[in-house]
$ cat work_36.pdb   # PDB, C-alpha atoms and all ligand atoms
ATOM      1  CA  MET L   1     148.281 131.819  80.384  1.00  0.00           C
ATOM      2  CA  ILE L   2     151.954 130.979  80.817  1.00  0.00           C
ATOM      3  CA  THR L   3     152.936 131.700  84.418  1.00  0.00           C
ATOM      4  CA  LEU L   4     155.179 130.508  87.250  1.00  0.00           C
ATOM      5  CA  PHE L   5     152.349 131.449  89.676  1.00  0.00           C
ATOM      6  CA  PRO L   6     149.102 129.901  88.353  1.00  0.00           C
ATOM      7  CA  GLU L   7     147.406 130.240  91.790  1.00  0.00           C
ATOM      8  CA  MET L   8     147.351 134.021  91.378  1.00  0.00           C
ATOM      9  CA  PHE L   9     144.682 133.687  88.673  1.00  0.00           C
ATOM     10  CA  THR L  10     142.022 132.675  91.200  1.00  0.00           C
ATOM     11  CA  ALA L  11     141.673 136.449  91.689  1.00  0.00           C
ATOM     12  CA  LEU L  12     140.220 136.523  88.174  1.00  0.00           C
ATOM     13  CA  SER L  13     138.403 133.198  88.002  1.00  0.00           C
ATOM     14  CA  ARG L  14     136.644 133.241  91.388  1.00  0.00           C
ATOM     15  CA  HIS L  15     135.434 136.802  91.781  1.00  0.00           C
ATOM     16  CA  GLY L  16     133.134 139.393  90.286  1.00  0.00           C
ATOM     17  CA  VAL L  17     132.283 139.831  86.610  1.00  0.00           C
ATOM     18  CA  SER L  18     135.167 137.629  85.376  1.00  0.00           C
ATOM     19  CA  GLY L  19     134.260 134.856  87.865  1.00  0.00           C
ATOM     20  CA  ARG L  20     130.602 134.869  86.799  1.00  0.00           C
ATOM     21  CA  ALA L  21     131.553 134.936  83.101  1.00  0.00           C
ATOM     22  CA  LEU L  22     133.712 131.835  83.659  1.00  0.00           C
ATOM     23  CA  ASN L  23     130.821 130.044  85.425  1.00  0.00           C
ATOM     24  CA  LYS L  24     128.537 130.995  82.505  1.00  0.00           C
ATOM     25  CA  GLY L  25     131.035 129.391  80.095  1.00  0.00           C
ATOM     26  CA  LEU L  26     131.721 132.673  78.263  1.00  0.00           C
ATOM     27  CA  TYR L  27     135.463 131.956  78.268  1.00  0.00           C
ATOM     28  CA  LYS L  28     137.925 129.278  79.356  1.00  0.00           C
ATOM     29  CA  ILE L  29     141.292 129.764  81.002  1.00  0.00           C
ATOM     30  CA  ASN L  30     144.256 127.419  80.790  1.00  0.00           C
ATOM     31  CA  LEU L  31     147.188 127.869  83.178  1.00  0.00           C
ATOM     32  CA  THR L  32     150.497 126.450  82.018  1.00  0.00           C
ATOM     33  CA  ASN L  33     153.589 126.545  84.225  1.00  0.00           C
ATOM     34  CA  PRO L  34     156.900 126.665  82.315  1.00  0.00           C
ATOM     35  CA  ARG L  35     158.470 124.846  85.294  1.00  0.00           C
ATOM     36  CA  SER L  36     156.757 121.700  83.969  1.00  0.00           C
ATOM     37  CA  PHE L  37     158.993 121.870  80.892  1.00  0.00           C
ATOM     38  CA  THR L  38     162.437 122.066  82.479  1.00  0.00           C
ATOM     39  CA  THR L  39     165.182 119.519  81.914  1.00  0.00           C
ATOM     40  CA  ASP L  40     167.638 119.918  84.834  1.00  0.00           C
ATOM     41  CA  ILE L  41     167.361 118.431  88.337  1.00  0.00           C
ATOM     42  CA  HIS L  42     166.577 121.829  89.872  1.00  0.00           C
ATOM     43  CA  ASN L  43     163.713 122.578  87.443  1.00  0.00           C
ATOM     44  CA  SER L  44     165.369 125.864  86.504  1.00  0.00           C
ATOM     45  CA  VAL L  45     163.318 128.327  84.487  1.00  0.00           C
ATOM     46  CA  ASP L  46     165.800 131.217  84.849  1.00  0.00           C
ATOM     47  CA  ASP L  47     169.491 131.838  84.231  1.00  0.00           C
ATOM     48  CA  ARG L  48     172.051 134.678  84.388  1.00  0.00           C
ATOM     49  CA  PRO L  49     172.210 137.329  81.652  1.00  0.00           C
ATOM     50  CA  TYR L  50     175.009 137.145  79.068  1.00  0.00           C
ATOM     51  CA  GLY L  51     177.251 140.186  79.437  1.00  0.00           C
ATOM     52  CA  GLY L  52     176.667 140.275  83.173  1.00  0.00           C
ATOM     53  CA  GLY L  53     174.458 142.524  85.224  1.00  0.00           C
ATOM     54  CA  PRO L  54     172.027 142.083  88.065  1.00  0.00           C
ATOM     55  CA  GLY L  55     169.203 139.588  88.219  1.00  0.00           C
ATOM     56  CA  MET L  56     168.046 136.610  86.223  1.00  0.00           C
ATOM     57  CA  LEU L  57     166.167 136.036  82.966  1.00  0.00           C
ATOM     58  CA  MET L  58     163.527 133.482  82.014  1.00  0.00           C
ATOM     59  CA  MET L  59     165.042 130.947  79.626  1.00  0.00           C
ATOM     60  CA  TYR L  60     163.810 130.379  76.067  1.00  0.00           C
ATOM     61  CA  GLN L  61     163.178 126.623  76.082  1.00  0.00           C
ATOM     62  CA  PRO L  62     160.682 126.202  78.968  1.00  0.00           C
ATOM     63  CA  LEU L  63     158.623 129.118  77.575  1.00  0.00           C
ATOM     64  CA  LYS L  64     158.672 127.728  74.026  1.00  0.00           C
ATOM     65  CA  LYS L  65     157.692 124.246  75.230  1.00  0.00           C
ATOM     66  CA  ALA L  66     154.818 125.777  77.217  1.00  0.00           C
ATOM     67  CA  VAL L  67     153.562 127.492  74.036  1.00  0.00           C
ATOM     68  CA  GLU L  68     153.844 124.233  72.065  1.00  0.00           C
ATOM     69  CA  LYS L  69     151.944 122.314  74.755  1.00  0.00           C
ATOM     70  CA  ILE L  70     149.104 124.862  74.735  1.00  0.00           C
ATOM     71  CA  ARG L  71     148.963 124.886  70.918  1.00  0.00           C
ATOM     72  CA  SER L  72     148.768 121.082  70.824  1.00  0.00           C
ATOM     73  CA  ASN L  73     145.633 121.253  72.994  1.00  0.00           C
ATOM     74  CA  ILE L  74     143.660 123.928  71.110  1.00  0.00           C
ATOM     75  CA  SER L  75     142.061 124.167  67.708  1.00  0.00           C
ATOM     76  CA  GLY L  76     142.362 127.208  65.494  1.00  0.00           C
ATOM     77  CA  SER L  77     144.691 130.147  65.646  1.00  0.00           C
ATOM     78  CA  SER L  78     146.254 131.692  68.728  1.00  0.00           C
ATOM     79  CA  TYR L  79     147.793 135.085  69.392  1.00  0.00           C
ATOM     80  CA  ILE L  80     150.709 135.447  71.823  1.00  0.00           C
ATOM     81  CA  VAL L  81     150.944 138.543  74.010  1.00  0.00           C
ATOM     82  CA  TYR L  82     153.906 139.311  76.283  1.00  0.00           C
ATOM     83  CA  LEU L  83     153.155 141.758  79.108  1.00  0.00           C
ATOM     84  CA  SER L  84     156.046 144.141  79.649  1.00  0.00           C
ATOM     85  CA  PRO L  85     156.887 147.806  80.237  1.00  0.00           C
ATOM     86  CA  GLN L  86     158.536 147.763  76.761  1.00  0.00           C
ATOM     87  CA  GLY L  87     155.150 147.183  75.104  1.00  0.00           C
ATOM     88  CA  LYS L  88     152.766 149.751  73.703  1.00  0.00           C
ATOM     89  CA  SER L  89     150.339 150.963  76.381  1.00  0.00           C
ATOM     90  CA  VAL L  90     147.009 149.171  76.161  1.00  0.00           C
ATOM     91  CA  THR L  91     143.883 151.162  75.261  1.00  0.00           C
ATOM     92  CA  GLN L  92     140.169 150.386  75.297  1.00  0.00           C
ATOM     93  CA  ASP L  93     140.312 150.012  71.474  1.00  0.00           C
ATOM     94  CA  LYS L  94     143.123 147.459  71.841  1.00  0.00           C
ATOM     95  CA  LEU L  95     140.985 145.443  74.297  1.00  0.00           C
ATOM     96  CA  THR L  96     138.155 145.388  71.755  1.00  0.00           C
ATOM     97  CA  GLN L  97     140.603 144.170  69.064  1.00  0.00           C
ATOM     98  CA  LEU L  98     141.889 141.429  71.377  1.00  0.00           C
ATOM     99  CA  THR L  99     138.336 140.093  71.965  1.00  0.00           C
ATOM    100  CA  LYS L 100     138.357 138.980  68.290  1.00  0.00           C
ATOM    101  CA  ASN L 101     141.014 136.286  68.909  1.00  0.00           C
ATOM    102  CA  LYS L 102     139.776 132.725  69.342  1.00  0.00           C
ATOM    103  CA  ASN L 103     142.750 131.890  71.571  1.00  0.00           C
ATOM    104  CA  LEU L 104     144.963 134.324  73.437  1.00  0.00           C
ATOM    105  CA  ILE L 105     148.208 133.146  75.028  1.00  0.00           C
ATOM    106  CA  LEU L 106     149.482 135.612  77.622  1.00  0.00           C
ATOM    107  CA  VAL L 107     153.081 135.229  78.747  1.00  0.00           C
ATOM    108  CA  CYS L 108     153.788 136.452  82.292  1.00  0.00           C
ATOM    109  CA  GLY L 109     157.439 137.287  82.912  1.00  0.00           C
ATOM    110  CA  ARG L 110     159.180 137.177  86.282  1.00  0.00           C
ATOM    111  CA  TYR L 111     162.732 138.163  87.251  1.00  0.00           C
ATOM    112  CA  GLU L 112     164.336 140.888  85.075  1.00  0.00           C
ATOM    113  CA  GLY L 113     162.602 139.727  81.912  1.00  0.00           C
ATOM    114  CA  ILE L 114     162.801 136.961  79.310  1.00  0.00           C
ATOM    115  CA  ASP L 115     165.323 135.942  76.651  1.00  0.00           C
ATOM    116  CA  GLU L 116     164.895 138.440  73.781  1.00  0.00           C
ATOM    117  CA  ARG L 117     164.858 135.594  71.210  1.00  0.00           C
ATOM    118  CA  PHE L 118     161.507 134.397  72.601  1.00  0.00           C
ATOM    119  CA  ILE L 119     160.043 137.869  72.003  1.00  0.00           C
ATOM    120  CA  GLU L 120     161.522 138.050  68.489  1.00  0.00           C
ATOM    121  CA  ALA L 121     160.601 134.569  67.296  1.00  0.00           C
ATOM    122  CA  ILE L 122     157.426 133.662  69.177  1.00  0.00           C
ATOM    123  CA  VAL L 123     155.616 136.663  70.673  1.00  0.00           C
ATOM    124  CA  ASP L 124     153.076 138.378  68.371  1.00  0.00           C
ATOM    125  CA  GLU L 125     152.660 141.555  70.407  1.00  0.00           C
ATOM    126  CA  GLU L 126     154.251 143.161  73.476  1.00  0.00           C
ATOM    127  CA  ILE L 127     151.720 145.097  75.561  1.00  0.00           C
ATOM    128  CA  SER L 128     152.166 147.288  78.654  1.00  0.00           C
ATOM    129  CA  VAL L 129     149.486 148.201  81.183  1.00  0.00           C
ATOM    130  CA  GLY L 130     151.207 151.507  81.979  1.00  0.00           C
ATOM    131  CA  ASP L 131     154.500 153.304  82.518  1.00  0.00           C
ATOM    132  CA  PHE L 132     155.373 151.745  85.856  1.00  0.00           C
ATOM    133  CA  VAL L 133     157.072 148.529  86.962  1.00  0.00           C
ATOM    134  CA  VAL L 134     155.563 145.641  88.920  1.00  0.00           C
ATOM    135  CA  SER L 135     157.350 142.464  89.953  1.00  0.00           C
ATOM    136  CA  GLY L 136     155.758 140.103  87.438  1.00  0.00           C
ATOM    137  CA  GLY L 137     153.463 139.910  84.435  1.00  0.00           C
ATOM    138  CA  GLU L 138     150.615 138.165  86.311  1.00  0.00           C
ATOM    139  CA  LEU L 139     148.809 141.277  87.581  1.00  0.00           C
ATOM    140  CA  PRO L 140     149.168 143.051  84.199  1.00  0.00           C
ATOM    141  CA  ALA L 141     147.858 139.885  82.464  1.00  0.00           C
ATOM    142  CA  MET L 142     144.867 139.792  84.821  1.00  0.00           C
ATOM    143  CA  MET L 143     144.163 143.456  84.134  1.00  0.00           C
ATOM    144  CA  LEU L 144     144.187 142.749  80.410  1.00  0.00           C
ATOM    145  CA  MET L 145     142.011 139.629  80.786  1.00  0.00           C
ATOM    146  CA  ASP L 146     139.516 141.402  83.049  1.00  0.00           C
ATOM    147  CA  GLY L 147     139.197 144.244  80.551  1.00  0.00           C
ATOM    148  CA  ILE L 148     138.628 141.765  77.703  1.00  0.00           C
ATOM    149  CA  ILE L 149     136.222 139.459  79.568  1.00  0.00           C
ATOM    150  CA  ARG L 150     133.832 142.242  80.571  1.00  0.00           C
ATOM    151  CA  LEU L 151     133.494 143.132  76.857  1.00  0.00           C
ATOM    152  CA  LEU L 152     132.267 139.620  75.945  1.00  0.00           C
ATOM    153  CA  PRO L 153     128.559 139.512  75.075  1.00  0.00           C
ATOM    154  CA  LYS L 154     126.518 138.604  78.205  1.00  0.00           C
ATOM    155  CA  ALA L 155     129.397 139.212  80.670  1.00  0.00           C
ATOM    156  CA  LEU L 156     127.816 142.379  82.036  1.00  0.00           C
ATOM    157  CA  GLY L 157     124.357 142.465  83.609  1.00  0.00           C
ATOM    158  CA  HIS L 158     123.383 145.450  81.488  1.00  0.00           C
ATOM    159  CA  SER L 159     124.278 145.125  77.830  1.00  0.00           C
ATOM    160  CA  LEU L 160     124.590 148.916  77.615  1.00  0.00           C
ATOM    161  CA  SER L 161     127.154 149.155  80.441  1.00  0.00           C
ATOM    162  CA  ALA L 162     130.187 148.504  78.233  1.00  0.00           C
ATOM    163  CA  LYS L 163     128.956 151.020  75.665  1.00  0.00           C
ATOM    164  CA  GLU L 164     128.818 153.777  78.267  1.00  0.00           C
ATOM    165  CA  ASP L 165     132.277 153.110  79.725  1.00  0.00           C
ATOM    166  CA  SER L 166     134.978 155.719  79.948  1.00  0.00           C
ATOM    167  CA  PHE L 167     137.110 155.874  76.744  1.00  0.00           C
ATOM    168  CA  VAL L 168     134.480 154.250  74.484  1.00  0.00           C
ATOM    169  CA  ASP L 169     133.908 157.523  72.615  1.00  0.00           C
ATOM    170  CA  GLY L 170     137.335 158.848  73.588  1.00  0.00           C
ATOM    171  CA  LEU L 171     135.901 160.675  76.613  1.00  0.00           C
ATOM    172  CA  LEU L 172     135.889 160.055  80.349  1.00  0.00           C
ATOM    173  CA  ASP L 173     132.649 158.985  82.034  1.00  0.00           C
ATOM    174  CA  CYS L 174     130.268 161.565  83.550  1.00  0.00           C
ATOM    175  CA  PRO L 175     129.608 161.842  87.322  1.00  0.00           C
ATOM    176  CA  HIS L 176     127.014 159.477  88.848  1.00  0.00           C
ATOM    177  CA  TYR L 177     124.802 159.829  91.932  1.00  0.00           C
ATOM    178  CA  THR L 178     122.659 157.493  94.028  1.00  0.00           C
ATOM    179  CA  ARG L 179     120.350 157.936  97.048  1.00  0.00           C
ATOM    180  CA  PRO L 180     120.000 159.926  99.180  1.00  0.00           C
ATOM    181  CA  ALA L 181     119.158 163.014  97.084  1.00  0.00           C
ATOM    182  CA  GLU L 182     121.042 165.107  99.653  1.00  0.00           C
ATOM    183  CA  VAL L 183     123.956 164.093 101.889  1.00  0.00           C
ATOM    184  CA  ASP L 184     126.159 166.301 104.125  1.00  0.00           C
ATOM    185  CA  GLY L 185     124.598 169.339 102.463  1.00  0.00           C
ATOM    186  CA  MET L 186     125.437 168.135  98.934  1.00  0.00           C
ATOM    187  CA  LYS L 187     122.541 167.829  96.477  1.00  0.00           C
ATOM    188  CA  VAL L 188     122.193 165.633  93.409  1.00  0.00           C
ATOM    189  CA  PRO L 189     121.994 167.877  90.300  1.00  0.00           C
ATOM    190  CA  ASP L 190     118.295 168.773  89.736  1.00  0.00           C
ATOM    191  CA  ILE L 191     118.296 167.679  86.099  1.00  0.00           C
ATOM    192  CA  LEU L 192     118.860 164.030  87.154  1.00  0.00           C
ATOM    193  CA  LEU L 193     115.764 164.124  89.396  1.00  0.00           C
ATOM    194  CA  GLN L 194     113.398 165.592  86.786  1.00  0.00           C
ATOM    195  CA  GLY L 195     113.109 162.550  84.528  1.00  0.00           C
ATOM    196  CA  ASN L 196     113.548 164.312  81.169  1.00  0.00           C
ATOM    197  CA  HIS L 197     115.811 161.768  79.473  1.00  0.00           C
ATOM    198  CA  ALA L 198     116.698 163.890  76.468  1.00  0.00           C
ATOM    199  CA  LYS L 199     117.889 166.625  78.841  1.00  0.00           C
ATOM    200  CA  ILE L 200     119.682 164.074  81.045  1.00  0.00           C
ATOM    201  CA  ASN L 201     121.564 162.701  78.013  1.00  0.00           C
ATOM    202  CA  ASP L 202     122.606 166.226  76.973  1.00  0.00           C
ATOM    203  CA  TRP L 203     123.767 166.989  80.541  1.00  0.00           C
ATOM    204  CA  ARG L 204     125.788 163.768  80.698  1.00  0.00           C
ATOM    205  CA  GLN L 205     127.466 164.383  77.339  1.00  0.00           C
ATOM    206  CA  GLU L 206     128.374 167.946  78.405  1.00  0.00           C
ATOM    207  CA  LYS L 207     129.816 166.638  81.711  1.00  0.00           C
ATOM    208  CA  LYS L 208     131.856 163.997  79.882  1.00  0.00           C
ATOM    209  CA  ILE L 209     133.407 166.667  77.691  1.00  0.00           C
ATOM    210  CA  LYS L 210     134.040 169.085  80.601  1.00  0.00           C
ATOM    211  CA  GLN L 211     135.455 166.334  82.818  1.00  0.00           C
ATOM    212  CA  THR L 212     137.796 165.176  80.041  1.00  0.00           C
ATOM    213  CA  ARG L 213     139.028 168.727  79.331  1.00  0.00           C
ATOM    214  CA  LEU L 214     139.760 169.219  83.043  1.00  0.00           C
ATOM    215  CA  LYS L 215     141.195 165.832  84.040  1.00  0.00           C
ATOM    216  CA  ARG L 216     142.722 164.498  80.800  1.00  0.00           C
ATOM    217  CA  PRO L 217     143.661 167.387  78.506  1.00  0.00           C
ATOM    218  CA  ASP L 218     145.620 164.890  76.364  1.00  0.00           C
ATOM    219  CA  LEU L 219     142.446 162.936  75.546  1.00  0.00           C
ATOM    220  CA  TYR L 220     140.464 166.158  75.086  1.00  0.00           C
ATOM    221  CA  GLU L 221     142.861 167.388  72.379  1.00  0.00           C
ATOM    222  CA  ILE L 222     142.412 164.123  70.455  1.00  0.00           C
ATOM    223  CA  TYR L 223     138.607 164.300  70.881  1.00  0.00           C
ATOM    224  CA  ILE L 224     138.491 167.869  69.521  1.00  0.00           C
ATOM    225  CA  SER L 225     140.814 167.148  66.588  1.00  0.00           C
ATOM    226  CA  ASP L 226     138.866 163.963  65.628  1.00  0.00           C
ATOM    227  CA  LYS L 227     135.493 165.738  65.329  1.00  0.00           C
TER     228      LYS L 227
HETATM  229  N1  LIG R   1     152.884 146.298  81.868  1.00  0.00           N
HETATM  230  N2  LIG R   1     156.106 143.929  84.282  1.00  0.00           N
HETATM  231  C1  LIG R   1     157.076 142.020  83.027  1.00  0.00           C
HETATM  232  C2  LIG R   1     159.259 141.174  83.548  1.00  0.00           C
HETATM  233  C3  LIG R   1     160.142 142.010  82.657  1.00  0.00           C
HETATM  234  C4  LIG R   1     161.212 142.731  83.183  1.00  0.00           C
HETATM  235  C5  LIG R   1     162.002 143.484  82.340  1.00  0.00           C
HETATM  236  C6  LIG R   1     160.650 142.793  80.516  1.00  0.00           C
HETATM  237  C7  LIG R   1     161.715 143.507  81.003  1.00  0.00           C
HETATM  238  C8  LIG R   1     154.409 145.341  83.117  1.00  0.00           C
HETATM  239  C9  LIG R   1     153.762 146.561  82.799  1.00  0.00           C
HETATM  240  C10 LIG R   1     155.464 145.152  84.114  1.00  0.00           C
HETATM  241  C11 LIG R   1     157.157 143.816  85.268  1.00  0.00           C
HETATM  242  C12 LIG R   1     155.805 142.681  83.604  1.00  0.00           C
HETATM  243  C13 LIG R   1     158.392 143.150  84.704  1.00  0.00           C
HETATM  244  N3  LIG R   1     159.887 142.050  81.321  1.00  0.00           N
HETATM  245  N4  LIG R   1     153.861 144.414  82.362  1.00  0.00           N
HETATM  246  N5  LIG R   1     158.075 141.872  84.054  1.00  0.00           N
HETATM  247  N6  LIG R   1     154.012 147.761  83.314  1.00  0.00           N
HETATM  248  O1  LIG R   1     155.802 146.097  84.787  1.00  0.00           O
HETATM  249  O2  LIG R   1     152.944 145.016  81.574  1.00  0.00           O
END
$ encode --input "work_36.pdb" --output "structure tokens" --more "lines below"
Ligand code: 4GX
Amino acid sequence: MITLFPEMFTALSRHGVSGRALNKGLYKINLTNPRSFTTDIHNSVDDRPYGGGPGMLMMYQPLKKAVEKIRSNISGSSYIVYLSPQGKSVTQDKLTQLTKNKNLILVCGRYEGIDERFIEAIVDEEISVGDFVVSGGELPAMMLMDGIIRLLPKALGHSLSAKEDSFVDGLLDCPHYTRPAEVDGMKVPDILLQGNHAKINDWRQEKKIKQTRLKRPDLYEIYISDK
């Protein structure tokens, strides 16, 4: 991870599924601050954009030196991802692809962005977490990492959990219910209480399809045309 705010990543490393996976040794995380690779007395990592305009940009050299430092400390190949709204929106399939990399280097931008030459010459892929803007790449990078980590073998308590996620077969998940069997006058669907697992599977598949048609017609169209 290349970030000006390494402390933010405790959200990932200390809590929940990603925290447990780290403790189990299923992945390692390295946090590299480009501020460690500056050359001026102010430790500047940003500068003004050529051509004018508001805001500042992250400079090429500290980012490149951060990449070189990381690469000098790892063996094997690495794949560099830059999180930005200009990237292609991430999908569940993309997360599965990313799990195949031995080393992933995520670059978290701050300010108005980074020098385009770093993207051209050094970044392998630009990825977005959605069509909205946040104030830095750290939260998007953590979203990506969390999505990848939970796909690693043994990260989830139930090995089937990741196979039954939303999007895995291009459909949304079905509704779920827990005790009590009735609350505020609302009953759990009878079929789930009867214990016929073939029928329960059929019901769940039907709900997934109906739910997708209703809530995500865009995904439903793709599902229908792929059959
Ligand atoms: N999905 N951001 C990157 C810096 C920036 C500004 C301008 C390029 C151009 C985002 C997203 C996202 C905020 C991360 C701006 N980079 N990242 N950062 N949506 O909004 O991934």
$ atom_distance --input "work_36.pdb" --atom1 "atom CA of Lys227 of chain L" --atom2 "atom CA of Lys100 of chain L"
27.1 Å
$ resolve_selection --input "work_36.pdb" --expression "the PyMOL selection byres (((chain L and resi 2) around 6) and not hetatm)" --output "PyMOL selection string"
chain L and resi 1+3+32-33+107-108
$ atom_distance --input "work_36.pdb" --atom1 "atom CA of Ile149 of chain L" --atom2 "atom CA of Gly25 of chain L"
11.3 Å
$ closest_atom_pairs --input "work_36.pdb" --of "chain L" --to "ligand LIG 1 (chain R)" --cutoff "7 Å" --atoms "all atoms listed in the file" --output "tab-separated table"
residue	atom	partner	partner_atom	distance
L:Leu83	CA	R:LIG1	O2	4.1
L:Ser84	CA	R:LIG1	N4	3.5
L:Pro85	CA	R:LIG1	N6	4.2
L:Gln86	CA	R:LIG1	C6	6.6
L:Cys108	CA	R:LIG1	C1	6.5
L:Gly109	CA	R:LIG1	C2	4.3
L:Arg110	CA	R:LIG1	C2	4.8
L:Tyr111	CA	R:LIG1	C2	5.9
L:Glu112	CA	R:LIG1	C4	4.1
L:Gly113	CA	R:LIG1	C3	3.4
L:Ile114	CA	R:LIG1	N3	6.2
L:Ile127	CA	R:LIG1	O2	6.1
L:Ser128	CA	R:LIG1	N1	3.4
L:Val129	CA	R:LIG1	N1	4.0
L:Gly130	CA	R:LIG1	N6	4.9
L:Asp131	CA	R:LIG1	N6	5.6
L:Phe132	CA	R:LIG1	N6	4.9
L:Val133	CA	R:LIG1	O1	3.5
L:Val134	CA	R:LIG1	O1	4.2
L:Ser135	CA	R:LIG1	C11	4.9
L:Gly136	CA	R:LIG1	N5	4.5
L:Gly137	CA	R:LIG1	C12	3.7
L:Pro140	CA	R:LIG1	O2	5.0
$ residues_around --input "work_36.pdb" --residues "Val17 of chain L" --least-positions-apart "3" --cutoff "8 Å" --atoms "only C-alpha atoms" --output "NGL selection string"
:L and (20-21 or 150 or 155-156)
$ residues_around --input "work_36.pdb" --residues "Ile224 of chain L" --least-positions-apart "3" --cutoff "10 Å" --atoms "only C-alpha atoms" --output "short mmCIF file (atom, residue, chain, number, x, y, z; two decimals) with C-alpha atoms, keeping the file's coordinate frame"
data_model
loop_
_atom_site.label_atom_id
_atom_site.label_comp_id
_atom_site.auth_asym_id
_atom_site.auth_seq_id
_atom_site.Cartn_x
_atom_site.Cartn_y
_atom_site.Cartn_z
CA GLY L 170 137.34 158.85 73.59
CA ILE L 209 133.41 166.67 77.69
CA ARG L 213 139.03 168.73 79.33
CA LEU L 219 142.45 162.94 75.55
CA TYR L 220 140.46 166.16 75.09
CA GLU L 221 142.86 167.39 72.38
CA LYS L 227 135.49 165.74 65.33
#
$ closest_residue --input "work_36.pdb" --among "L:Leu172, L:Ile70, L:Leu152, L:Leu57" --to "Lys24 of chain L" --atoms "all atoms listed in the file"
L:Leu152
$ atom_distance --input "work_36.pdb" --atom1 "atom CA of Ser18 of chain L" --atom2 "atom CA of Val168 of chain L"
19.9 Å
$ resolve_selection --input "work_36.pdb" --expression "the PyMOL selection byres (((chain L and resi 64) around 12) and not hetatm)" --output "PyMOL selection string"
chain L and resi 2+32-38+45+58-63+65-71+80+105+107+114-115+117-119+121-123
$ residues_around --input "work_36.pdb" --residues "segment 160-167 of chain L" --least-positions-apart "2" --cutoff "12 Å" --atoms "only C-alpha atoms" --output "PDB file with C-alpha atoms, keeping the file's coordinate frame"
ATOM      1  CA  VAL L  90     147.009 149.171  76.161  1.00  0.00           C
ATOM      2  CA  THR L  91     143.883 151.162  75.261  1.00  0.00           C
ATOM      3  CA  GLN L  92     140.169 150.386  75.297  1.00  0.00           C
ATOM      4  CA  ASP L  93     140.312 150.012  71.474  1.00  0.00           C
ATOM      5  CA  LYS L  94     143.123 147.459  71.841  1.00  0.00           C
ATOM      6  CA  LEU L  95     140.985 145.443  74.297  1.00  0.00           C
ATOM      7  CA  THR L  96     138.155 145.388  71.755  1.00  0.00           C
ATOM      8  CA  GLY L 147     139.197 144.244  80.551  1.00  0.00           C
ATOM      9  CA  ILE L 148     138.628 141.765  77.703  1.00  0.00           C
ATOM     10  CA  ILE L 149     136.222 139.459  79.568  1.00  0.00           C
ATOM     11  CA  ARG L 150     133.832 142.242  80.571  1.00  0.00           C
ATOM     12  CA  LEU L 151     133.494 143.132  76.857  1.00  0.00           C
ATOM     13  CA  LEU L 152     132.267 139.620  75.945  1.00  0.00           C
ATOM     14  CA  PRO L 153     128.559 139.512  75.075  1.00  0.00           C
ATOM     15  CA  LYS L 154     126.518 138.604  78.205  1.00  0.00           C
ATOM     16  CA  ALA L 155     129.397 139.212  80.670  1.00  0.00           C
ATOM     17  CA  LEU L 156     127.816 142.379  82.036  1.00  0.00           C
ATOM     18  CA  GLY L 157     124.357 142.465  83.609  1.00  0.00           C
ATOM     19  CA  HIS L 158     123.383 145.450  81.488  1.00  0.00           C
ATOM     20  CA  ASP L 169     133.908 157.523  72.615  1.00  0.00           C
ATOM     21  CA  GLY L 170     137.335 158.848  73.588  1.00  0.00           C
ATOM     22  CA  LEU L 171     135.901 160.675  76.613  1.00  0.00           C
ATOM     23  CA  LEU L 172     135.889 160.055  80.349  1.00  0.00           C
ATOM     24  CA  ASP L 173     132.649 158.985  82.034  1.00  0.00           C
ATOM     25  CA  CYS L 174     130.268 161.565  83.550  1.00  0.00           C
ATOM     26  CA  PRO L 175     129.608 161.842  87.322  1.00  0.00           C
ATOM     27  CA  ASN L 201     121.564 162.701  78.013  1.00  0.00           C
ATOM     28  CA  ARG L 204     125.788 163.768  80.698  1.00  0.00           C
ATOM     29  CA  GLN L 205     127.466 164.383  77.339  1.00  0.00           C
ATOM     30  CA  LYS L 208     131.856 163.997  79.882  1.00  0.00           C
ATOM     31  CA  ILE L 209     133.407 166.667  77.691  1.00  0.00           C
ATOM     32  CA  GLN L 211     135.455 166.334  82.818  1.00  0.00           C
ATOM     33  CA  THR L 212     137.796 165.176  80.041  1.00  0.00           C
ATOM     34  CA  ARG L 216     142.722 164.498  80.800  1.00  0.00           C
ATOM     35  CA  LEU L 219     142.446 162.936  75.546  1.00  0.00           C
ATOM     36  CA  TYR L 220     140.464 166.158  75.086  1.00  0.00           C
ATOM     37  CA  ILE L 222     142.412 164.123  70.455  1.00  0.00           C
ATOM     38  CA  TYR L 223     138.607 164.300  70.881  1.00  0.00           C
TER      39      TYR L 223
END
$ closest_residue --input "work_36.pdb" --among "L:Leu26, L:Met142, L:Glu125, L:Ser44" --to "Pro6 of chain L" --atoms "all atoms listed in the file"
L:Met142
$ closest_residue --input "work_36.pdb" --among "L:Leu31, L:Gly52, L:Ala141, L:Asn103" --to "Tyr82 of chain L" --atoms "only C-alpha atoms"
L:Ala141
$ closest_residue --input "work_36.pdb" --among "L:Asp226, L:Asn196, L:Asp146, L:Asp202" --to "Gly19 of chain L" --atoms "all atoms listed in the file"
L:Asp146
$ closest_residue --input "work_36.pdb" --among "L:Leu104, L:Gly55, L:Lys207, L:His42" --to "Ser78 of chain L" --atoms "all atoms listed in the file"
L:Leu104
